[in-house]
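K.L.:
Dumping the structure here so I can ask a few things about it.
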Amino acid sequence: MKVLPFLSLRPRLPGSLPPRLPRLPAPRLSAALLGATVLELVVLTGHLAAYPFGLTQERVPHERRAPGPPPGPSPGASPGPPTLPGSPAAERPVVLLHGFIDNRSVFVLLRRALARHGRRHLASLNYSPLTRDLRTAAELLGRHVEEICARTGQREVDIVGHSLGGLIARYYVQRLGGDHRVRTLVTLGTPHGGTAVAPGAGLHPIVRQMRGGSPLIEELRLPAPGCRTRFVSFWSELDQVMVPVGTACVDHPDLDAVNVRVTGIGHLALPVHPAVAAAVREALESQEAREGTAPSTGTSSVA
């Protein structure tokens with residue numbers, strides 16, 4: 001530890017020069033952090049331009065359902081074949097859920113990337129920023145999922161949630177029985193363990209629920225035996241919204257979870273970075289992401 005020279009507090013005589021203060025060492029700014037900050041500003045600028053176009057709910061497309069019985073959970077069903085691009089299993093809808101004070105426009109690039117690789121059923125949902133309880137948003141998500149399944153004729157969906165959107169989806173899956181509908185839940189910078197947010201942001205009830213030690217975060221720590229959904233959590237070491245950064249990892253003994261470390265980008269860039277988009281697509285198409293696999297935990301990384 002560097003010790004600064006002791007500063008004398010003797011009164012200065014008239015006409016004398018003021019004492020020279022010791023020169024403090026200049027702070028070292030990490031090149032990676034600087035690059036991530038610049039990228040965050042670029043992403044924020046682009047997102048602010050696109051934000052007005054995502055204020056309204058997207059139009060519900062007219063889907064043609066194949067004849068057959070109505071879709072529904074099948075607890076005793078055996079796992080189907082692995083998902084492959086272009087296969088019938090690739091028809092599984094993908095639900096995109098944005099973060100706090102945001103809207104569906106944040107997923108424009110990710111949605112385009114998924115569509116280019118054969119995903120036909122993509123739904124970007126908006127929830128109101130006036131929502132005061134995360135549980136209410138999770139119930140609303142459940143109703144949307146049921147509507148999507150009925151419209152497309154599919155029994156399951158995949159969900160990709162950014163920040164708060166991932167926490168809403170996790171509550172739906174883990175606490176409201178949504179694991180019968182959600183095959184894979186991908187979260188991007190989601191405060192699974194709670195985050196230390198700015199003091200002013202705590203004025204909003206739903207933000208207080210995202211803090212570490214909140215009743216809702218503690219509820220997600222409760223046992224979840226038999227949860228069928230597979231979790232893939234992307235976290236970044238340069239995410240300034242997740243404090244500490246490890247809070248964006250899923251750490252639960254009953255959940256089948258993989259935590260993917262992302263390097264070089266921050267919180268806002270997670271849903272728009274092409275390397276993350278490719279990794280998200282791979283996670284949704286992974287042969288391991290299916291019912292019947294044994295729960296497992298692990299880590300991976302994305303450069």
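By convention here, the chains of the structure tokens are called A, B, ... in the order presented, each chain's residues are numbered starting at 1, and ligands are numbered starting at 1 in the order presented.
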As a CSV table (one decimal) with all heavy atoms, in the first residue's frame, list the residues of stretch 175-241 of chain A assigned to strand (DSSP E or B) by DSSP on the backbone atoms of this structure.
P.N.:
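In the end it all went to states10.csv:
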```csv
chain,number,residue,atom,x,y,z
A,182,VAL,N,-41.8,-24.6,-20.8
A,182,VAL,CA,-40.6,-24.0,-21.2
A,182,VAL,C,-39.5,-25.0,-21.3
A,182,VAL,O,-39.1,-25.6,-20.3
A,182,VAL,CB,-40.2,-22.8,-20.3
A,182,VAL,CG1,-38.9,-22.2,-20.8
A,182,VAL,CG2,-41.3,-21.8,-20.2
A,183,ARG,N,-39.0,-25.3,-22.5
A,183,ARG,CA,-38.0,-26.3,-22.7
A,183,ARG,C,-36.6,-25.7,-22.3
A,183,ARG,O,-35.9,-26.4,-21.5
A,183,ARG,CB,-37.9,-26.7,-24.1
A,183,ARG,CG,-36.8,-27.6,-24.6
A,183,ARG,CD,-36.9,-27.8,-26.1
A,183,ARG,NE,-35.8,-28.7,-26.6
A,183,ARG,CZ,-34.7,-28.3,-27.2
A,183,ARG,NH1,-34.5,-27.0,-27.2
A,183,ARG,NH2,-33.8,-29.1,-27.6
A,184,THR,N,-36.2,-24.6,-22.8
A,184,THR,CA,-35.0,-23.9,-22.4
A,184,THR,C,-35.2,-22.5,-22.1
A,184,THR,O,-35.9,-21.8,-22.9
A,184,THR,CB,-34.0,-24.0,-23.6
A,184,THR,OG1,-33.8,-25.4,-24.0
A,184,THR,CG2,-32.6,-23.4,-23.2
A,185,LEU,N,-34.6,-22.0,-21.0
A,185,LEU,CA,-34.7,-20.6,-20.6
A,185,LEU,C,-33.3,-20.0,-20.7
A,185,LEU,O,-32.4,-20.5,-20.0
A,185,LEU,CB,-35.2,-20.4,-19.2
A,185,LEU,CG,-35.1,-19.0,-18.6
A,185,LEU,CD1,-35.8,-18.0,-19.5
A,185,LEU,CD2,-35.7,-19.0,-17.2
A,186,VAL,N,-33.1,-19.1,-21.6
A,186,VAL,CA,-31.8,-18.4,-21.8
A,186,VAL,C,-31.9,-17.0,-21.1
A,186,VAL,O,-32.8,-16.3,-21.4
A,186,VAL,CB,-31.4,-18.3,-23.2
A,186,VAL,CG1,-30.1,-17.5,-23.4
A,186,VAL,CG2,-31.2,-19.6,-23.9
A,187,THR,N,-31.0,-16.7,-20.2
A,187,THR,CA,-31.0,-15.4,-19.6
A,187,THR,C,-29.7,-14.6,-19.9
A,187,THR,O,-28.7,-15.2,-20.0
A,187,THR,CB,-31.2,-15.5,-18.0
A,187,THR,OG1,-30.0,-16.2,-17.5
A,187,THR,CG2,-32.4,-16.3,-17.7
A,188,LEU,N,-29.9,-13.3,-20.1
A,188,LEU,CA,-28.8,-12.5,-20.5
A,188,LEU,C,-28.6,-11.4,-19.4
A,188,LEU,O,-29.5,-10.5,-19.3
A,188,LEU,CB,-29.0,-11.8,-21.9
A,188,LEU,CG,-29.4,-12.8,-23.0
A,188,LEU,CD1,-29.8,-12.0,-24.3
A,188,LEU,CD2,-28.2,-13.7,-23.3
A,230,ARG,N,-34.4,-26.4,-18.8
A,230,ARG,CA,-32.9,-26.2,-18.8
A,230,ARG,C,-32.6,-24.7,-18.8
A,230,ARG,O,-33.1,-24.0,-19.6
A,230,ARG,CB,-32.3,-26.9,-20.0
A,230,ARG,CG,-30.8,-26.8,-20.1
A,230,ARG,CD,-30.2,-27.6,-21.2
A,230,ARG,NE,-28.8,-27.6,-21.3
A,230,ARG,CZ,-28.1,-26.9,-22.2
A,230,ARG,NH1,-28.7,-26.1,-23.0
A,230,ARG,NH2,-26.8,-26.9,-22.2
A,231,PHE,N,-31.6,-24.3,-18.0
A,231,PHE,CA,-31.3,-22.9,-17.9
A,231,PHE,C,-29.9,-22.7,-18.5
A,231,PHE,O,-29.0,-23.5,-18.3
A,231,PHE,CB,-31.2,-22.5,-16.4
A,231,PHE,CG,-32.5,-22.4,-15.7
A,231,PHE,CD1,-33.1,-23.5,-15.3
A,231,PHE,CD2,-33.1,-21.2,-15.5
A,231,PHE,CE1,-34.3,-23.5,-14.6
A,231,PHE,CE2,-34.4,-21.1,-14.9
A,231,PHE,CZ,-35.0,-22.3,-14.4
A,232,VAL,N,-29.8,-21.6,-19.3
A,232,VAL,CA,-28.5,-21.2,-19.9
A,232,VAL,C,-28.3,-19.7,-19.5
A,232,VAL,O,-29.1,-18.9,-20.1
A,232,VAL,CB,-28.4,-21.5,-21.4
A,232,VAL,CG1,-27.0,-21.0,-21.9
A,232,VAL,CG2,-28.6,-22.9,-21.7
A,233,SER,N,-27.4,-19.4,-18.6
A,233,SER,CA,-27.3,-18.0,-18.2
A,233,SER,C,-26.0,-17.4,-18.7
A,233,SER,O,-24.9,-17.9,-18.4
A,233,SER,CB,-27.3,-18.0,-16.7
A,233,SER,OG,-27.1,-16.7,-16.2
A,234,PHE,N,-26.1,-16.3,-19.5
A,234,PHE,CA,-25.0,-15.6,-19.9
A,234,PHE,C,-24.7,-14.4,-19.0
A,234,PHE,O,-25.6,-13.6,-18.7
A,234,PHE,CB,-25.3,-15.0,-21.3
A,234,PHE,CG,-25.3,-16.0,-22.4
A,234,PHE,CD1,-26.5,-16.8,-22.6
A,234,PHE,CD2,-24.2,-16.3,-23.2
A,234,PHE,CE1,-26.5,-17.8,-23.6
A,234,PHE,CE2,-24.3,-17.3,-24.2
A,234,PHE,CZ,-25.4,-18.0,-24.4
A,235,TRP,N,-23.4,-14.3,-18.5
A,235,TRP,CA,-23.0,-13.3,-17.6
A,235,TRP,C,-21.7,-12.7,-18.1
A,235,TRP,O,-20.9,-13.3,-18.7
A,235,TRP,CB,-22.9,-13.8,-16.2
A,235,TRP,CG,-21.7,-14.8,-16.0
A,235,TRP,CD1,-21.8,-16.1,-16.3
A,235,TRP,CD2,-20.4,-14.5,-15.5
A,235,TRP,NE1,-20.5,-16.7,-16.0
A,235,TRP,CE2,-19.7,-15.7,-15.5
A,235,TRP,CE3,-19.8,-13.4,-15.0
A,235,TRP,CZ2,-18.4,-15.8,-15.1
A,235,TRP,CZ3,-18.5,-13.4,-14.6
A,235,TRP,CH2,-17.8,-14.7,-14.6
A,236,SER,N,-21.5,-11.4,-17.9
A,236,SER,CA,-20.3,-10.7,-18.4
A,236,SER,C,-19.6,-10.1,-17.2
A,236,SER,O,-20.1,-9.6,-16.3
A,236,SER,CB,-20.7,-9.5,-19.3
A,236,SER,OG,-19.6,-8.7,-19.6
```
K.L.:
I'd like the neighbourhood of stretch 191-198 of chain A as JSON, numbers by chain, where a residue qualifies if any of its atoms comes within 9 Å (using only C-alpha atoms), though same-chain residues fewer than 4 positions away should be ignored.
P.N.:
{"A": [163, 164, 166, 167, 170, 202, 207, 208, 209, 210, 211, 212, 213, 214, 217, 218, 220, 221, 241, 242, 243, 244, 245, 246, 247, 248, 249, 250, 251]}
K.L.:
Can you tell me, as a PyMOL selection string, what residues are no more than 12 Å from A:Pro93 when counting only C-alpha atoms, ignoring any on the same chain fewer than 2 positions away?
P.N.:
chain A and resi 63+88-91+95-96+111+114-115+118-124+144-160+181-184+284
K.L.:
Just to be explicit: take each residue in the selection above, keep N, CA, C and O atoms, and write the result as a short mmCIF file (atom, residue, chain, number, x, y, z; two decimals), in the first residue's frame.
P.N.:
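Here's the written file again19.cif:
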```cif
data_model
loop_
_atom_site.label_atom_id
_atom_site.label_comp_id
_atom_site.auth_asym_id
_atom_site.auth_seq_id
_atom_site.Cartn_x
_atom_site.Cartn_y
_atom_site.Cartn_z
N GLU A 63 -51.47 -17.96 -37.48
CA GLU A 63 -50.76 -19.24 -37.58
C GLU A 63 -51.73 -20.32 -38.08
O GLU A 63 -52.89 -20.36 -37.70
N PRO A 88 -38.72 -30.53 -37.73
CA PRO A 88 -40.00 -30.11 -37.15
C PRO A 88 -39.85 -29.55 -35.74
O PRO A 88 -40.61 -28.67 -35.34
N ALA A 89 -38.87 -30.08 -34.98
CA ALA A 89 -38.68 -29.57 -33.61
C ALA A 89 -38.24 -28.11 -33.61
O ALA A 89 -38.42 -27.41 -32.62
N ALA A 90 -37.66 -27.63 -34.72
CA ALA A 90 -37.24 -26.24 -34.80
C ALA A 90 -38.43 -25.29 -34.89
O ALA A 90 -38.26 -24.08 -34.88
N GLU A 91 -39.64 -25.85 -35.02
CA GLU A 91 -40.84 -25.02 -35.04
C GLU A 91 -41.20 -24.50 -33.65
O GLU A 91 -42.13 -23.72 -33.50
N VAL A 95 -39.81 -17.11 -27.25
CA VAL A 95 -40.39 -15.91 -26.63
C VAL A 95 -39.26 -15.03 -26.14
O VAL A 95 -38.38 -15.49 -25.40
N LEU A 96 -39.26 -13.76 -26.52
CA LEU A 96 -38.23 -12.80 -26.14
C LEU A 96 -38.81 -11.82 -25.13
O LEU A 96 -39.85 -11.21 -25.40
N ARG A 111 -33.52 -11.24 -32.82
CA ARG A 111 -34.67 -11.83 -33.52
C ARG A 111 -34.33 -12.10 -34.98
O ARG A 111 -34.67 -13.15 -35.53
N LEU A 114 -32.05 -15.17 -35.24
CA LEU A 114 -32.77 -16.43 -35.06
C LEU A 114 -33.63 -16.75 -36.28
O LEU A 114 -33.72 -17.91 -36.70
N ALA A 115 -34.25 -15.73 -36.85
CA ALA A 115 -35.08 -15.95 -38.03
C ALA A 115 -34.25 -16.42 -39.22
O ALA A 115 -34.68 -17.27 -40.00
N GLY A 118 -33.74 -20.23 -39.31
CA GLY A 118 -34.86 -21.17 -39.41
C GLY A 118 -35.93 -21.08 -38.34
O GLY A 118 -36.91 -21.82 -38.40
N ARG A 119 -35.79 -20.17 -37.37
CA ARG A 119 -36.83 -20.05 -36.36
C ARG A 119 -38.02 -19.29 -36.94
O ARG A 119 -37.92 -18.11 -37.27
N ARG A 120 -39.15 -19.97 -37.06
CA ARG A 120 -40.31 -19.37 -37.70
C ARG A 120 -41.21 -18.64 -36.72
O ARG A 120 -41.83 -17.63 -37.05
N HIS A 121 -41.32 -19.16 -35.50
CA HIS A 121 -42.26 -18.59 -34.53
C HIS A 121 -41.47 -17.82 -33.48
O HIS A 121 -40.90 -18.39 -32.56
N LEU A 122 -41.46 -16.49 -33.63
CA LEU A 122 -40.75 -15.62 -32.71
C LEU A 122 -41.74 -14.60 -32.15
O LEU A 122 -42.46 -13.95 -32.91
N ALA A 123 -41.77 -14.47 -30.83
CA ALA A 123 -42.71 -13.56 -30.18
C ALA A 123 -41.96 -12.67 -29.21
O ALA A 123 -41.29 -13.16 -28.29
N SER A 124 -42.01 -11.36 -29.43
CA SER A 124 -41.40 -10.39 -28.53
C SER A 124 -42.49 -9.75 -27.69
O SER A 124 -43.38 -9.08 -28.23
N HIS A 144 -49.44 -15.50 -21.83
CA HIS A 144 -48.94 -15.32 -23.19
C HIS A 144 -48.40 -16.64 -23.75
O HIS A 144 -48.63 -16.95 -24.93
N VAL A 145 -47.70 -17.38 -22.93
CA VAL A 145 -47.14 -18.66 -23.38
C VAL A 145 -48.26 -19.61 -23.77
O VAL A 145 -48.18 -20.30 -24.80
N GLU A 146 -49.32 -19.67 -22.97
CA GLU A 146 -50.45 -20.53 -23.31
C GLU A 146 -51.08 -20.12 -24.63
O GLU A 146 -51.44 -20.96 -25.46
N GLU A 147 -51.21 -18.81 -24.85
CA GLU A 147 -51.78 -18.33 -26.11
C GLU A 147 -50.88 -18.70 -27.29
O GLU A 147 -51.38 -19.11 -28.36
N ILE A 148 -49.58 -18.58 -27.12
CA ILE A 148 -48.65 -18.90 -28.20
C ILE A 148 -48.70 -20.39 -28.53
O ILE A 148 -48.70 -20.78 -29.71
N CYS A 149 -48.75 -21.21 -27.50
CA CYS A 149 -48.82 -22.66 -27.74
C CYS A 149 -50.12 -23.03 -28.46
O CYS A 149 -50.12 -23.85 -29.38
N ALA A 150 -51.23 -22.42 -28.05
CA ALA A 150 -52.51 -22.71 -28.69
C ALA A 150 -52.50 -22.24 -30.14
O ALA A 150 -53.05 -22.90 -31.03
N ARG A 151 -51.86 -21.10 -30.41
CA ARG A 151 -51.85 -20.54 -31.76
C ARG A 151 -50.96 -21.32 -32.71
O ARG A 151 -51.27 -21.48 -33.90
N THR A 152 -49.84 -21.83 -32.19
CA THR A 152 -48.87 -22.50 -33.06
C THR A 152 -49.02 -24.02 -33.08
O THR A 152 -48.41 -24.69 -33.91
N GLY A 153 -49.80 -24.56 -32.14
CA GLY A 153 -49.94 -25.99 -32.06
C GLY A 153 -48.75 -26.69 -31.42
O GLY A 153 -48.62 -27.91 -31.52
N GLN A 154 -47.88 -25.96 -30.76
CA GLN A 154 -46.70 -26.52 -30.10
C GLN A 154 -46.97 -26.70 -28.61
O GLN A 154 -47.72 -25.95 -28.00
N ARG A 155 -46.33 -27.73 -28.02
CA ARG A 155 -46.51 -27.99 -26.60
C ARG A 155 -45.55 -27.18 -25.73
O ARG A 155 -45.81 -26.99 -24.55
N GLU A 156 -44.44 -26.76 -26.30
CA GLU A 156 -43.41 -26.07 -25.52
C GLU A 156 -42.91 -24.84 -26.25
O GLU A 156 -43.06 -24.72 -27.46
N VAL A 157 -42.26 -23.96 -25.49
CA VAL A 157 -41.59 -22.80 -26.05
C VAL A 157 -40.19 -22.73 -25.46
O VAL A 157 -39.88 -23.39 -24.47
N ASP A 158 -39.33 -21.94 -26.09
CA ASP A 158 -38.07 -21.51 -25.50
C ASP A 158 -38.23 -20.04 -25.15
O ASP A 158 -38.97 -19.30 -25.83
N ILE A 159 -37.53 -19.59 -24.12
CA ILE A 159 -37.60 -18.18 -23.71
C ILE A 159 -36.19 -17.62 -23.63
O ILE A 159 -35.28 -18.28 -23.11
N VAL A 160 -36.02 -16.40 -24.15
CA VAL A 160 -34.79 -15.64 -23.97
C VAL A 160 -35.16 -14.36 -23.23
O VAL A 160 -35.97 -13.57 -23.73
N ARG A 181 -44.02 -25.99 -19.79
CA ARG A 181 -44.15 -25.31 -21.08
C ARG A 181 -42.82 -24.84 -21.65
O ARG A 181 -42.70 -24.68 -22.86
N VAL A 182 -41.83 -24.59 -20.80
CA VAL A 182 -40.58 -23.98 -21.25
C VAL A 182 -39.50 -25.05 -21.31
O VAL A 182 -39.13 -25.63 -20.30
N ARG A 183 -39.00 -25.29 -22.49
CA ARG A 183 -37.95 -26.30 -22.68
C ARG A 183 -36.60 -25.74 -22.27
O ARG A 183 -35.87 -26.37 -21.50
N THR A 184 -36.24 -24.56 -22.78
CA THR A 184 -34.96 -23.93 -22.44
C THR A 184 -35.20 -22.46 -22.11
O THR A 184 -35.90 -21.77 -22.85
N LEU A 284 -30.16 -22.97 -27.86
CA LEU A 284 -31.52 -23.38 -28.16
C LEU A 284 -31.56 -24.64 -29.02
O LEU A 284 -32.55 -25.38 -29.00
#
```
K.L.:
Considering only C-alpha atoms, state which residue in the set A:Ala169, A:Leu48, A:Ala278, A:Ile206 is at the smallest distance from A:Arg132.
P.N.:
A:Ile206
K.L.:
DSSP on the backbone, then: every residue of stretch 47-280 of chain A marked helix (DSSP H, G or I), written as a PyMOL selection string.
P.N.:
chain A and resi 47-54+88-91+104-116+134-152+164-175+178-180+199-203+205-208+215-220+245-248+274-280
K.L.:
Hey, what's within 10 Å of A:Val262 if we count only C-alpha atoms and toss same-chain stuff fewer than 4 positions away? As a ChimeraX atom specification, please?
P.N.:
/A:188-189,234-239,266,270,275-276,300-303
K.L.:
May I have the residues within 10 Å of A:Pro225 as a PyMOL selection string, using only C-alpha atoms and disregarding those fewer than 6 positions away in the same chain?
P.N.:
chain A and resi 174+253-255
K.L.:
If we count only C-alpha atoms and set the cut-off at 12 Å, which residues sit around A:Ala137, ignoring sequence neighbours fewer than 3 positions away in its own chain? Please answer as number ranges by chain.
P.N.:
A: 97-100, 125-134, 140-144, 164-172, 176, 206
K.L.:
I'd like the interatomic distance between atom CA of A:Ser286 and atom CA of A:Thr263, to a tenth of an Å.
P.N.:
21.7 Å
K.L.:
Could you tell me how far atom CA of A:Val272 lies from atom CA of A:Phe107, in Å and to one decimal?
P.N.:
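Atom-to-atom, atom CA of A:Val272 and atom CA of A:Phe107 are spaced 7.1 Å apart.
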K.L.:
What does the distance from atom CA of A:Arg104 to atom CA of A:Val43 come to in Å, to one decimal?
P.N.:
14.8 Å
K.L.:
Find the residues near A:Ala113: any atom within 9 Å, counting only C-alpha atoms, skip ones fewer than 4 places away on the same chain, and give them as a list in words.
P.N.:
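Returned residues: Val108, Leu109, His117, Pro274, Ala277, Ala278 and Arg281 of chain A.
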K.L.:
Using N, CA and C atoms, can you write the selected residues to a file as a compact mmCIF listing (two decimals), in the first residue's frame?
P.N.:
```txt
# COMPACT_ATOMS: atom_id res chain seq x y z
N VAL A 108 -34.26 -6.61 -31.66
CA VAL A 108 -34.35 -6.54 -33.12
C VAL A 108 -33.26 -7.39 -33.78
N LEU A 109 -32.02 -7.25 -33.35
CA LEU A 109 -30.91 -7.96 -33.98
C LEU A 109 -30.93 -9.45 -33.64
N HIS A 117 -31.81 -18.30 -39.17
CA HIS A 117 -31.40 -19.69 -38.98
C HIS A 117 -32.60 -20.61 -38.76
N PRO A 274 -23.19 -10.05 -31.84
CA PRO A 274 -23.33 -11.23 -32.73
C PRO A 274 -22.77 -12.51 -32.12
N ALA A 277 -25.41 -13.75 -29.83
CA ALA A 277 -26.54 -14.27 -30.61
C ALA A 277 -26.24 -15.68 -31.13
N ALA A 278 -25.01 -15.91 -31.61
CA ALA A 278 -24.63 -17.23 -32.10
C ALA A 278 -24.65 -18.25 -30.96
N ARG A 281 -28.28 -19.07 -30.06
CA ARG A 281 -28.84 -19.99 -31.04
C ARG A 281 -28.34 -21.42 -30.80
```
